[in-house]
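Shown next: my_file.txt, given as compact mmCIF, C-alpha atoms and all ligand atoms.
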```
# COMPACT_ATOMS: atom_id res chain seq x y z
CA MET A 1 44.38 26.01 -10.69
CA ASN A 2 42.46 23.29 -12.54
CA ILE A 3 38.72 23.62 -12.10
CA LEU A 4 35.88 21.18 -12.79
CA ILE A 5 32.32 22.51 -13.03
CA LEU A 6 29.49 19.97 -13.02
CA GLY A 7 26.35 20.68 -15.05
CA SER A 8 25.14 21.52 -18.54
CA GLY A 9 22.73 24.44 -18.27
CA GLY A 10 22.79 28.19 -18.63
CA ARG A 11 23.77 28.34 -14.96
CA GLU A 12 26.94 26.36 -15.63
CA HIS A 13 27.76 28.35 -18.77
CA ALA A 14 27.54 31.55 -16.69
CA LEU A 15 29.66 30.03 -13.90
CA ALA A 16 32.27 28.90 -16.44
CA TRP A 17 32.26 32.32 -18.10
CA ALA A 18 32.91 34.10 -14.80
CA VAL A 19 35.49 31.56 -13.54
CA LYS A 20 37.36 31.70 -16.85
CA GLN A 21 37.93 35.47 -16.42
CA ASN A 22 39.82 34.95 -13.19
CA PRO A 23 43.60 34.68 -13.66
CA LYS A 24 43.71 31.89 -11.03
CA THR A 25 42.04 29.58 -13.56
CA ASP A 26 44.44 27.42 -15.56
CA ARG A 27 42.49 24.48 -16.94
CA LEU A 28 38.68 24.63 -16.97
CA ILE A 29 36.58 21.52 -17.61
CA VAL A 30 32.79 21.45 -17.56
CA ALA A 31 31.00 18.10 -17.43
CA PRO A 32 28.91 17.37 -19.37
CA GLY A 33 28.64 20.98 -20.67
CA ASN A 34 26.88 22.16 -23.83
CA ALA A 35 27.73 23.79 -27.17
CA GLY A 36 28.18 27.28 -25.69
CA ILE A 37 30.33 26.04 -22.83
CA ALA A 38 32.50 24.17 -25.35
CA GLN A 39 33.45 27.55 -26.85
CA LEU A 40 35.24 28.60 -23.65
CA ALA A 41 36.13 25.42 -21.75
CA GLU A 42 36.89 21.74 -22.23
CA THR A 43 33.86 19.50 -21.86
CA ALA A 44 33.70 15.88 -20.71
CA ASP A 45 30.86 13.42 -20.90
CA ILE A 46 30.72 11.81 -17.47
CA ASP A 47 27.77 10.80 -15.29
CA ILE A 48 27.80 13.69 -12.81
CA THR A 49 25.39 11.95 -10.43
CA ASP A 50 27.85 9.08 -9.96
CA PRO A 51 30.13 10.12 -7.06
CA ALA A 52 32.81 7.54 -7.89
CA ALA A 53 32.91 8.58 -11.55
CA VAL A 54 33.35 12.24 -10.60
CA VAL A 55 36.13 11.47 -8.10
CA ALA A 56 37.96 9.28 -10.64
CA PHE A 57 37.66 11.90 -13.37
CA ALA A 58 38.93 14.64 -11.05
CA ALA A 59 41.93 12.53 -10.06
CA GLU A 60 42.80 11.70 -13.67
CA ASN A 61 42.68 15.37 -14.61
CA ALA A 62 44.54 16.83 -11.61
CA ILE A 63 41.52 18.90 -10.59
CA ASP A 64 42.07 21.35 -7.71
CA PHE A 65 38.55 22.68 -7.27
CA VAL A 66 35.12 21.17 -8.02
CA ILE A 67 32.07 23.45 -8.43
CA ILE A 68 28.73 21.64 -8.40
CA GLY A 69 25.96 23.40 -10.37
CA PRO A 70 22.69 21.43 -10.16
CA GLU A 71 20.85 19.72 -7.31
CA ALA A 72 20.92 16.11 -8.58
CA PRO A 73 24.66 15.52 -7.91
CA LEU A 74 24.32 17.23 -4.51
CA ALA A 75 21.44 14.96 -3.51
CA ALA A 76 23.45 11.98 -4.82
CA GLY A 77 26.34 12.76 -2.46
CA VAL A 78 28.88 13.95 -5.02
CA ALA A 79 30.14 16.74 -2.70
CA ASP A 80 30.58 14.20 0.11
CA ALA A 81 32.63 11.97 -2.18
CA THR A 82 34.86 14.68 -3.62
CA ARG A 83 35.56 16.12 -0.15
CA ALA A 84 36.30 12.66 1.22
CA ALA A 85 38.80 12.30 -1.64
CA GLY A 86 40.51 15.49 -0.46
CA LEU A 87 39.21 17.71 -3.25
CA LEU A 88 38.29 21.31 -2.56
CA THR A 89 34.57 21.43 -3.34
CA PHE A 90 31.87 24.08 -3.67
CA GLY A 91 28.47 22.62 -2.79
CA PRO A 92 26.70 21.14 0.23
CA SER A 93 26.81 17.54 1.46
CA ALA A 94 23.81 15.34 0.72
CA ALA A 95 22.71 15.77 4.34
CA ALA A 96 22.81 19.57 4.04
CA ALA A 97 21.25 19.55 0.55
CA ARG A 98 18.13 18.07 2.15
CA LEU A 99 17.15 21.72 2.58
CA GLU A 100 16.23 21.46 -1.11
CA ALA A 101 15.63 17.73 -1.47
CA SER A 102 12.96 17.49 1.27
CA LYS A 103 10.32 20.12 1.87
CA SER A 104 9.29 18.56 5.18
CA PHE A 105 12.93 18.67 6.35
CA THR A 106 13.05 22.39 5.58
CA LYS A 107 9.88 22.90 7.58
CA GLU A 108 11.42 20.99 10.48
CA ILE A 109 14.47 23.29 10.38
CA CYS A 110 12.27 26.40 10.22
CA ASP A 111 10.35 25.15 13.28
CA ALA A 112 13.59 24.45 15.15
CA CYS A 113 14.96 27.95 14.56
CA ALA A 114 11.67 29.88 14.47
CA ALA A 115 12.19 31.12 10.91
CA PRO A 116 9.03 32.70 9.47
CA THR A 117 7.41 30.49 6.82
CA ALA A 118 3.95 29.25 5.80
CA ALA A 119 2.00 27.17 8.33
CA TYR A 120 1.96 23.53 7.19
CA ALA A 121 0.99 19.94 7.85
CA ARG A 122 2.62 16.70 6.62
CA PHE A 123 0.79 13.64 5.30
CA THR A 124 1.74 10.12 4.24
CA ALA A 125 -1.77 9.03 3.18
CA PRO A 126 -4.46 10.68 1.02
CA ALA A 127 -7.49 10.51 3.35
CA PRO A 128 -6.17 12.76 6.15
CA ALA A 129 -4.63 15.09 3.56
CA ARG A 130 -8.01 15.45 1.84
CA ALA A 131 -9.72 16.07 5.17
CA HIS A 132 -7.14 18.76 6.01
CA VAL A 133 -7.81 20.59 2.73
CA GLN A 134 -11.58 20.39 3.32
CA ALA A 135 -11.07 21.91 6.75
CA MET A 136 -8.65 24.66 5.68
CA GLY A 137 -10.29 25.73 2.40
CA ALA A 138 -8.62 27.36 -0.62
CA PRO A 139 -6.34 28.87 -1.79
CA ILE A 140 -3.92 26.32 -0.41
CA VAL A 141 -0.58 24.89 -1.54
CA VAL A 142 0.07 21.15 -2.06
CA LYS A 143 3.69 19.99 -2.36
CA ALA A 144 5.31 16.64 -3.07
CA ASP A 145 7.98 16.26 -0.39
CA GLY A 146 10.91 15.27 -2.62
CA LEU A 147 12.69 16.55 -5.73
CA ALA A 148 10.23 16.76 -8.62
CA ALA A 149 12.13 18.92 -11.14
CA GLY A 150 10.26 22.03 -10.02
CA LYS A 151 6.88 20.47 -10.83
CA GLY A 152 5.88 19.11 -7.42
CA VAL A 153 4.13 22.26 -6.19
CA ILE A 154 0.46 22.98 -6.87
CA VAL A 155 -0.85 26.37 -5.81
CA ALA A 156 -4.52 25.38 -5.67
CA MET A 157 -7.03 28.19 -6.01
CA THR A 158 -9.96 25.81 -5.31
CA ILE A 159 -10.54 22.85 -2.99
CA ASP A 160 -11.14 20.59 -6.01
CA GLU A 161 -7.75 21.50 -7.47
CA ALA A 162 -6.09 20.73 -4.14
CA LEU A 163 -7.86 17.37 -3.85
CA ALA A 164 -6.83 16.45 -7.40
CA ALA A 165 -3.21 17.35 -6.57
CA ILE A 166 -3.30 15.13 -3.49
CA ASP A 167 -4.66 12.23 -5.53
CA ASP A 168 -2.02 12.73 -8.24
CA MET A 169 0.83 12.86 -5.74
CA PHE A 170 -0.22 9.82 -3.74
CA GLY A 171 -1.13 8.15 -7.05
CA GLY A 172 2.55 8.17 -7.95
CA GLU A 173 2.75 11.06 -10.42
CA PHE A 174 6.05 12.17 -8.85
CA GLY A 175 7.27 8.71 -7.90
CA ALA A 176 8.97 8.46 -4.52
CA ALA A 177 9.01 12.29 -4.23
CA GLY A 178 5.24 12.14 -3.62
CA ALA A 179 5.24 9.48 -0.91
CA GLU A 180 4.94 12.33 1.59
CA VAL A 181 2.89 15.45 0.89
CA VAL A 182 3.23 18.83 2.60
CA ILE A 183 0.16 21.08 2.62
CA GLU A 184 0.83 24.76 3.25
CA GLU A 185 -0.93 27.98 3.94
CA PHE A 186 -1.07 30.16 0.80
CA MET A 187 1.19 33.18 1.35
CA GLN A 188 0.41 36.53 -0.27
CA GLY A 189 3.11 38.95 -1.34
CA GLU A 190 5.87 39.44 -3.88
CA GLU A 191 8.46 36.72 -4.44
CA ALA A 192 12.19 37.29 -4.72
CA SER A 193 15.31 35.15 -4.56
CA PHE A 194 18.15 35.81 -2.17
CA PHE A 195 21.55 34.13 -2.67
CA ILE A 196 23.92 33.65 0.24
CA LEU A 197 27.30 31.92 0.29
CA THR A 198 28.05 30.12 3.52
CA ASP A 199 31.05 28.12 4.68
CA GLY A 200 29.00 26.53 7.45
CA THR A 201 29.56 29.35 9.93
CA HIS A 202 29.87 32.66 8.12
CA ALA A 203 27.49 33.99 5.51
CA LEU A 204 27.93 36.43 2.64
CA PRO A 205 24.99 37.63 0.51
CA VAL A 206 25.96 37.57 -3.18
CA GLY A 207 22.91 39.05 -4.78
CA THR A 208 19.18 39.23 -5.18
CA ALA A 209 17.07 38.40 -8.23
CA GLN A 210 13.56 37.90 -9.49
CA ASP A 211 12.61 35.03 -11.73
CA HIS A 212 9.62 34.73 -14.11
CA LYS A 213 8.23 31.25 -13.60
CA ARG A 214 5.19 31.32 -15.88
CA VAL A 215 5.64 30.63 -19.56
CA GLY A 216 3.56 33.53 -20.88
CA ASP A 217 3.68 37.34 -20.84
CA GLY A 218 1.95 38.89 -17.85
CA ASP A 219 2.78 35.79 -15.76
CA THR A 220 0.23 33.57 -17.49
CA GLY A 221 0.25 29.89 -18.46
CA PRO A 222 1.98 26.93 -16.85
CA ASN A 223 5.03 27.06 -14.59
CA THR A 224 8.49 26.55 -16.09
CA GLY A 225 12.03 26.32 -14.76
CA GLY A 226 12.21 30.10 -15.27
CA MET A 227 11.76 32.26 -18.38
CA GLY A 228 13.96 35.20 -17.39
CA ALA A 229 15.44 37.01 -14.42
CA TYR A 230 16.98 40.25 -13.33
CA SER A 231 19.20 41.43 -10.52
CA PRO A 232 18.99 43.25 -8.17
CA ALA A 233 15.38 42.68 -7.06
CA PRO A 234 14.02 46.04 -5.88
CA VAL A 235 11.53 44.40 -3.48
CA LEU A 236 14.46 42.89 -1.56
CA THR A 237 15.54 46.21 -0.06
CA ASP A 238 18.48 46.44 2.36
CA SER A 239 16.07 46.34 5.27
CA VAL A 240 14.24 43.25 3.96
CA ALA A 241 17.60 41.59 3.26
CA THR A 242 18.80 42.33 6.80
CA ARG A 243 15.61 40.84 8.24
CA ALA A 244 15.91 37.79 5.99
CA MET A 245 19.50 37.24 7.17
CA GLU A 246 18.69 37.68 10.86
CA GLU A 247 15.35 35.88 11.00
CA ILE A 248 15.75 33.13 8.39
CA VAL A 249 19.21 32.54 6.88
CA LEU A 250 21.56 32.84 9.88
CA PRO A 251 19.28 30.80 12.19
CA THR A 252 19.13 28.09 9.48
CA ILE A 253 22.92 28.03 9.12
CA ARG A 254 23.34 27.77 12.91
CA GLU A 255 20.72 25.01 13.15
CA MET A 256 22.38 22.98 10.37
CA ALA A 257 25.75 23.29 12.12
CA ARG A 258 24.22 22.40 15.49
CA ARG A 259 22.88 19.16 13.97
CA GLY A 260 26.35 18.21 12.76
CA THR A 261 25.44 18.80 9.10
CA PRO A 262 26.91 22.23 8.38
CA TYR A 263 25.81 23.78 5.10
CA GLN A 264 28.62 24.79 2.75
CA GLY A 265 27.84 26.29 -0.63
CA VAL A 266 25.22 28.69 -1.90
CA LEU A 267 21.93 28.86 -0.09
CA TYR A 268 19.15 30.10 -2.36
CA ALA A 269 16.31 31.41 -0.24
CA GLY A 270 13.02 31.87 -2.09
CA LEU A 271 11.22 34.58 -0.12
CA MET A 272 7.68 35.92 -0.05
CA ILE A 273 7.73 39.59 0.93
CA LYS A 274 4.75 41.47 2.24
CA ASP A 275 4.76 44.81 4.08
CA GLY A 276 8.55 44.69 4.33
CA LYS A 277 8.50 41.31 6.06
CA PRO A 278 10.13 38.27 4.42
CA ARG A 279 8.91 34.69 4.88
CA LEU A 280 10.60 31.59 3.50
CA VAL A 281 8.91 29.86 0.56
CA GLU A 282 11.66 27.32 -0.01
CA TYR A 283 15.39 26.73 0.00
CA ASN A 284 17.45 25.50 -2.89
CA ALA A 285 20.93 24.12 -2.41
CA ARG A 286 22.38 25.65 -5.59
CA PHE A 287 22.28 28.80 -7.68
CA GLY A 288 19.01 29.46 -9.48
CA ASP A 289 18.80 28.95 -13.20
CA PRO A 290 18.39 31.54 -14.83
CA GLU A 291 19.15 33.70 -11.74
CA CYS A 292 22.80 32.59 -11.75
CA GLN A 293 23.24 34.11 -15.21
CA VAL A 294 22.45 37.63 -13.96
CA LEU A 295 24.45 37.18 -10.74
CA MET A 296 27.54 36.01 -12.65
CA MET A 297 27.24 38.84 -15.13
CA ARG A 298 27.30 41.29 -12.21
CA LEU A 299 30.05 39.53 -10.22
CA GLY A 300 32.40 38.65 -13.10
CA ALA A 301 35.88 37.34 -12.24
CA GLN A 302 35.51 37.85 -8.47
CA ALA A 303 32.95 35.02 -8.45
CA LEU A 304 35.78 32.47 -8.36
CA ASP A 305 37.44 34.17 -5.37
CA LEU A 306 34.12 34.12 -3.52
CA LEU A 307 33.42 30.45 -4.30
CA LEU A 308 36.96 29.57 -3.19
CA ALA A 309 36.60 31.54 0.05
CA CYS A 310 33.36 29.65 0.66
CA ALA A 311 34.89 26.22 0.00
CA GLU A 312 37.99 27.01 2.09
CA GLY A 313 36.03 28.33 5.09
CA ARG A 314 37.36 31.88 4.66
CA LEU A 315 34.10 33.80 4.24
CA ALA A 316 34.56 35.75 7.48
CA GLY A 317 36.84 38.25 5.73
CA ALA A 318 35.30 38.08 2.27
CA GLN A 319 33.31 40.82 0.62
CA VAL A 320 31.67 41.50 -2.72
CA ASN A 321 32.83 44.46 -4.80
CA TRP A 322 29.48 45.63 -6.04
CA ALA A 323 29.05 47.85 -9.05
CA ASP A 324 25.94 49.98 -9.12
CA ASP A 325 24.60 48.00 -12.07
CA HIS A 326 21.70 45.85 -13.22
CA ALA A 327 21.58 42.65 -15.24
CA LEU A 328 18.71 40.95 -17.04
CA THR A 329 18.41 37.64 -18.86
CA VAL A 330 15.76 36.51 -21.34
CA VAL A 331 15.28 32.77 -21.80
CA MET A 332 14.67 31.57 -25.34
CA ALA A 333 12.88 28.22 -25.30
CA ALA A 334 11.79 25.70 -27.91
CA GLN A 335 8.17 26.14 -29.03
CA GLY A 336 5.97 23.83 -26.97
CA TYR A 337 8.03 24.18 -23.76
CA PRO A 338 7.20 23.43 -20.92
CA GLY A 339 5.13 20.77 -22.73
CA SER A 340 6.60 18.62 -25.50
CA TYR A 341 8.93 20.25 -28.01
CA ASP A 342 11.16 19.27 -30.93
CA ARG A 343 14.93 19.13 -30.85
CA GLY A 344 17.37 19.74 -33.66
CA SER A 345 16.27 23.07 -35.16
CA GLU A 346 19.15 25.36 -36.17
CA ILE A 347 19.80 28.64 -34.38
CA ARG A 348 21.39 31.29 -36.61
CA GLY A 349 22.92 34.66 -35.88
CA LEU A 350 24.74 33.80 -32.65
CA ALA A 351 28.26 34.18 -34.04
CA ALA A 352 27.64 37.79 -35.05
CA LEU A 353 26.66 38.87 -31.53
CA PRO A 354 29.31 40.61 -29.44
CA GLU A 355 30.46 38.72 -26.34
CA THR A 356 31.58 41.27 -23.76
CA SER A 357 31.54 41.75 -20.00
CA SER A 358 28.08 43.25 -20.41
CA GLN A 359 26.52 41.11 -23.17
CA MET A 360 26.53 37.33 -23.36
CA VAL A 361 24.33 34.59 -24.73
CA PHE A 362 24.61 31.74 -22.23
CA HIS A 363 23.62 28.39 -23.69
CA ALA A 364 21.37 25.86 -21.96
CA GLY A 365 20.00 23.07 -24.21
CA THR A 366 22.23 23.40 -27.27
CA LYS A 367 24.35 21.03 -29.33
CA ALA A 368 26.97 21.74 -31.99
CA GLN A 369 26.80 20.07 -35.38
CA GLY A 370 29.85 21.17 -37.33
CA ALA A 371 29.70 24.97 -37.25
CA ALA A 372 25.94 24.97 -36.62
CA ILE A 373 24.27 25.36 -33.21
CA LEU A 374 21.15 23.23 -32.77
CA ALA A 375 18.41 23.39 -30.13
CA ASN A 376 18.69 20.37 -27.86
CA GLY A 377 16.34 21.05 -24.94
CA GLY A 378 13.36 23.01 -23.63
CA ARG A 379 15.16 26.08 -22.35
CA VAL A 380 17.81 26.73 -24.98
CA LEU A 381 19.45 30.18 -24.65
CA ASN A 382 19.83 32.82 -21.92
CA VAL A 383 20.29 36.17 -23.59
CA THR A 384 21.94 38.26 -20.88
CA ALA A 385 22.97 41.90 -20.60
CA ARG A 386 24.16 44.37 -18.01
CA GLY A 387 23.47 48.10 -17.83
CA ASP A 388 23.58 51.17 -15.62
CA THR A 389 19.82 50.83 -15.30
CA LEU A 390 17.49 47.86 -15.57
CA GLU A 391 15.93 49.47 -18.63
CA GLN A 392 19.29 49.63 -20.37
CA ALA A 393 20.02 46.00 -19.51
CA ARG A 394 16.60 44.98 -20.82
CA ASP A 395 16.95 46.95 -24.07
CA ARG A 396 20.37 45.42 -24.72
CA ALA A 397 19.12 41.90 -24.02
CA TYR A 398 16.08 42.22 -26.30
CA ALA A 399 18.24 43.80 -29.06
CA MET A 400 20.28 40.57 -28.96
CA VAL A 401 17.12 38.43 -28.91
CA ASP A 402 15.93 40.23 -32.03
CA ALA A 403 19.24 39.52 -33.79
CA ILE A 404 18.90 35.76 -33.21
CA ASP A 405 17.29 33.90 -36.08
CA TRP A 406 15.45 30.90 -34.64
CA PRO A 407 11.84 30.57 -35.84
CA GLN A 408 11.30 27.42 -33.74
CA GLY A 409 12.01 29.32 -30.52
CA PHE A 410 10.11 31.84 -28.41
CA CYS A 411 10.62 34.06 -25.39
CA ARG A 412 8.63 36.29 -23.07
CA ARG A 413 8.71 39.93 -24.14
CA ASP A 414 8.08 41.36 -20.67
CA ILE A 415 11.04 40.23 -18.54
CA GLY A 416 11.57 42.84 -15.83
CA TRP A 417 8.03 44.23 -15.96
CA ARG A 418 7.54 44.14 -12.19
CA ALA A 419 10.58 46.29 -11.53
CA LEU A 420 10.08 48.59 -14.53
P1 LIG B 1 8.65 25.93 -4.75
O1 LIG B 1 9.00 24.80 -5.68
O2 LIG B 1 8.51 25.56 -3.33
O3 LIG B 1 9.46 27.16 -5.04
O4 LIG B 1 7.20 26.41 -5.22
C1 LIG B 1 7.00 26.88 -6.53
C2 LIG B 1 6.24 28.16 -6.48
O5 LIG B 1 4.98 27.97 -5.86
C3 LIG B 1 6.90 29.24 -5.64
O6 LIG B 1 7.88 29.91 -6.34
C4 LIG B 1 5.71 30.11 -5.32
O7 LIG B 1 5.39 30.94 -6.40
C5 LIG B 1 4.61 29.12 -5.13
N1 LIG B 1 4.46 28.77 -3.71
C6 LIG B 1 5.06 27.77 -3.04
N2 LIG B 1 4.67 27.74 -1.75
C7 LIG B 1 3.80 28.76 -1.60
C8 LIG B 1 3.01 29.24 -0.50
N3 LIG B 1 3.04 28.65 0.70
N4 LIG B 1 2.21 30.31 -0.72
C9 LIG B 1 2.14 30.89 -1.94
N5 LIG B 1 2.82 30.47 -3.01
C10 LIG B 1 3.65 29.41 -2.86
N1 LIG B 2 14.73 29.53 -11.48
C1 LIG B 2 14.30 28.77 -10.38
C2 LIG B 2 15.23 27.74 -9.91
O1 LIG B 2 16.36 27.67 -10.32
O2 LIG B 2 14.85 26.96 -9.05
```
In C-alpha cells, how does this file's structure come out?
Amino acid sequence: MNILILGSGGREHALAWAVKQNPKTDRLIVAPGNAGIAQLAETADIDITDPAAVVAFAAENAIDFVIIGPEAPLAAGVADATRAAGLLTFGPSAAAARLEASKSFTKEICDACAAPTAAYARFTAPAPARAHVQAMGAPIVVKADGLAAGKGVIVAMTIDEALAAIDDMFGGEFGAAGAEVVIEEFMQGEEASFFILTDGTHALPVGTAQDHKRVGDGDTGPNTGGMGAYSPAPVLTDSVATRAMEEIVLPTIREMARRGTPYQGVLYAGLMIKDGKPRLVEYNARFGDPECQVLMMRLGAQALDLLLACAEGRLAGAQVNWADDHALTVVMAAQGYPGSYDRGSEIRGLAALPETSSQMVFHAGTKAQGAAILANGGRVLNVTARGDTLEQARDRAYAMVDAIDWPQGFCRRDIGWRAL
C-alpha cells in the first residue's frame, strides 16, 4: 500500500523507519520530512496544516493510508478532511484532538468520567486568577488553555512566580492560547508516559516511556520538548497500567464516544504516579517526541499493522508481540536550545554508524547539502538503541553519540538515570 506520513521530526523518522520494514508498504512518502527521512522515503514539501492541500496531494499520489504525526494538523482538522475524502487515516478528528488542544476541555472530560487528576479552576480574567493563587498558595501550576508548543505550563514554586505567569498569559505571551488560564493543584510523584491506541471503542496499550524534559543533567535548567527517553518506564508497573486503563483511559474513551466525538488514534496519557496510584497530568493526541523513537524501535515492523488495525476499527483482536527488551534515545540539540541557536553547522560521522534494528540515528532538525548533513533546528538528532537491558541500550546509544562529530551540538549525559 502507498503510505503518507505527515511531519518532519524524529517522531516521523522513527514512524517511517518502522513502517518501511513492513512488507505491506509499497510507496512511502513523508511530508515535509527531513534529511534523515529522505534516506529511506520520498519527501514532499506541502503545507501539512492545510487540509485541502493534504487531501489533494494524497489523491494525486494514490495514497491508501495517511499517518498524522504532530498535533498541529490534527487541531487544524486534517484527519477530518482525509477521512471525509475516503482515505484511511491514523489520527483523531479536530473535535477529539481537543484532549490535547484545550486543557480545560480535558478537565471537563475528567470531571464527566471521574478520572483522577489535579484539582483545578478556570479563569478568563487576571484578577480572579490572582486572587485564587493568593488563596491557594504555592507550589501551584498555571497553564495557558490552548496549544503553546509545550511552553504554556508554569510550575510555580512561589506565589510571585504564579502571579507573573498569570500576567504573562493574560498579557498575550501565548496569543489566543492564553485567553483562558487553568490553575491546578501541584501533584507530587513520578511522571511517566503511557501510549494507547484506540479505534474509538477498543484500546490497546503500545508502550510506556519516560521523557527528560529539562535541558540539563540532573533535570536542571529550562523545559524543552524532551532531551531523551527510554521504554519501558519501570514506574508504570503492570498494576499501575491496569489502574490507569480502568480509571482514566477507558472512561475517557467511553466519554468521548458518548459525546459523539469518538477518539481514534494514539492517546498519550501523561501520568503522575505516587504510591502506585496514577493521576492524569495531561493528554496528547499524538505520539510523544522523543518517546515515539523508543516505542518504534521496540515495535519495529508490527507498528504498521497496529496503526492499520486502529484506523480500520479492528483493535478488538489486535495484540502487541512484545520482546523483553529496552530502548533508549539521546537527543542531540544545537547549542543554545531551548533558547536561540544557530543553524547550518555540519554534522560529521553519521554515515559510518551502523543502522540496524537495534541502532538508529533518527533525524529531527536536519537538512542535506550535497552529501553533507547540516543542523537545521533546535533538537537535531535522536540517537537511539535497543538492548536486553536498559544499561546495554544506554551504552550503545552513548557509544554512537561519541562517534558523532558535531562541536556545535550538545546532549544530556544522564538519560535513563531514574531507572538505572
Ligand atoms: P503539560 O504540558 O501539561 O505536560 O505540563 C508540562 C509539565 O509540567 C508536566 O510534564 C509536568 O512535569 C508539569 N505539570 C503539569 N501539571 C502539573 C501538576 N498539576 N502538578 C505537577 N506538575 C505538573
Ligand atoms: N516529549 C513530550 C511530548 O512529545 O509532548
Task: Env. residues ligand LIG 1 (chain B) / 8 Å / only C-alpha atoms and all ligand atoms / as a ChimeraX atom specification - done: /A:103,117-119,140-141,143,150-155,184-188,191,213,270,272,281-283
- [ ] Would you mind listing what lies within 12 Å of Ala56 of chain A as a PyMOL selection string, with all atoms listed in the file counted and same-chain residues fewer than 2 positions away left out?
- [x] chain A and resi 46-48+50-54+58-63+78+81-82+85+87
TODO: Determine the nearest neighbour of Asp64 of chain A from the options A:Ala96, A:Ala364, A:Ala311, A:Leu267, counting only C-alpha atoms.
DONE: A:Ala311
Interface rows for chain A against ligand LIG 2 (chain B): nearest pair, Å to one decimal, 6 Å, all atoms listed in the file, as a tab-separated table:
```
residue	atom	partner	partner_atom	distance
A:Asp211	CA	B:LIG2	N1	5.9
A:Gly225	CA	B:LIG2	N1	5.3
A:Gly226	CA	B:LIG2	N1	4.6
A:Gly288	CA	B:LIG2	O1	3.3
A:Asp289	CA	B:LIG2	O1	4.0
A:Pro290	CA	B:LIG2	N1	5.4
```
TODO: Enter the distance from atom CA of Val142 of chain A to atom CA of Val182 of chain A, in Å, rounded to one decimal.
DONE: 6.1 Å
- [ ] Point out the residue among A:Leu147, A:Met256, A:Ala135, A:Ile166 with the least atom-to-atom distance to Ala75 of chain A, counting only C-alpha atoms.
- [x]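 Selected residue with least distance to Ala75 of chain A: A:Leu147.
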Task: Interatomic distance, atom CA of Cys110 of chain A to atom CA of Glu12 of chain A (Å, one decimal) - done: 29.7 Å
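Coordinates place atom CA of Tyr230 of chain A at a distance of 22.4 Å from atom CA of Glu100 of chain A.
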Task: Answer as a ChimeraX atom specification, residues within 10 Å of (5.3, 37.0, -13.0) using only C-alpha atoms - done: /A:190-191,210-220,227-228,414-418
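Excluding Ala179 of chain A and any residue on its chain fewer than 3 positions from it, the residues at most 9 Å away by only C-alpha atoms are Phe123, Thr124, Ala125, Ala144, Asp145, Gly146, Met169, Phe170, Gly171, Gly172, Phe174, Gly175 and Ala176 of chain A.
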- [ ] Go ahead and find all residues with at least one atom no further than 8 Å from (24.2, 35.3, -38.3) in the file's coordinates, using all atoms listed in the file; report them as a list in words.
- [x] Arg348, Gly349, Leu350, Ala351, Ala352, Ala403, Ile404 and Asp405 of chain A
Dump segment 200-212 of chain A with N, CA and C atoms to a file, as a PDB file, in the first residue's frame.
```pdb
ATOM      1  N   GLY A 200     -11.711   4.110  18.967  1.00  0.00           N
ATOM      2  CA  GLY A 200     -12.940   4.791  19.367  1.00  0.00           C
ATOM      3  C   GLY A 200     -13.706   3.967  20.393  1.00  0.00           C
ATOM      4  N   THR A 201     -13.504   2.645  20.334  1.00  0.00           N
ATOM      5  CA  THR A 201     -14.191   1.737  21.250  1.00  0.00           C
ATOM      6  C   THR A 201     -13.189   0.884  22.024  1.00  0.00           C
ATOM      7  N   HIS A 202     -12.319   0.226  21.268  1.00  0.00           N
ATOM      8  CA  HIS A 202     -11.346  -0.676  21.886  1.00  0.00           C
ATOM      9  C   HIS A 202     -10.030   0.052  22.105  1.00  0.00           C
ATOM     10  N   ALA A 203      -9.263  -0.444  23.076  1.00  0.00           N
ATOM     11  CA  ALA A 203      -7.996   0.203  23.396  1.00  0.00           C
ATOM     12  C   ALA A 203      -6.897  -0.837  23.526  1.00  0.00           C
ATOM     13  N   LEU A 204      -5.719  -0.485  23.042  1.00  0.00           N
ATOM     14  CA  LEU A 204      -4.565  -1.383  23.108  1.00  0.00           C
ATOM     15  C   LEU A 204      -3.328  -0.591  23.548  1.00  0.00           C
ATOM     16  N   PRO A 205      -2.820  -0.863  24.756  1.00  0.00           N
ATOM     17  CA  PRO A 205      -1.584  -0.180  25.176  1.00  0.00           C
ATOM     18  C   PRO A 205      -0.416  -0.594  24.273  1.00  0.00           C
ATOM     19  N   VAL A 206       0.369   0.383  23.821  1.00  0.00           N
ATOM     20  CA  VAL A 206       1.505   0.064  22.953  1.00  0.00           C
ATOM     21  C   VAL A 206       2.839   0.527  23.539  1.00  0.00           C
ATOM     22  N   GLY A 207       2.851   0.756  24.842  1.00  0.00           N
ATOM     23  CA  GLY A 207       4.146   1.007  25.448  1.00  0.00           C
ATOM     24  C   GLY A 207       4.133   2.121  26.468  1.00  0.00           C
ATOM     25  N   THR A 208       5.173   2.097  27.287  1.00  0.00           N
ATOM     26  CA  THR A 208       5.348   3.122  28.317  1.00  0.00           C
ATOM     27  C   THR A 208       6.730   3.743  28.110  1.00  0.00           C
ATOM     28  N   ALA A 209       6.892   4.964  28.577  1.00  0.00           N
ATOM     29  CA  ALA A 209       8.195   5.625  28.403  1.00  0.00           C
ATOM     30  C   ALA A 209       8.358   6.717  29.443  1.00  0.00           C
ATOM     31  N   GLN A 210       9.583   7.125  29.635  1.00  0.00           N
ATOM     32  CA  GLN A 210       9.854   8.320  30.438  1.00  0.00           C
ATOM     33  C   GLN A 210      10.708   9.271  29.629  1.00  0.00           C
ATOM     34  N   ASP A 211      10.312  10.527  29.692  1.00  0.00           N
ATOM     35  CA  ASP A 211      10.953  11.596  28.938  1.00  0.00           C
ATOM     36  C   ASP A 211      11.868  12.348  29.912  1.00  0.00           C
ATOM     37  N   HIS A 212      12.734  13.191  29.390  1.00  0.00           N
ATOM     38  CA  HIS A 212      13.585  14.059  30.219  1.00  0.00           C
ATOM     39  C   HIS A 212      13.371  15.467  29.706  1.00  0.00           C
TER      40      HIS A 212
END
```
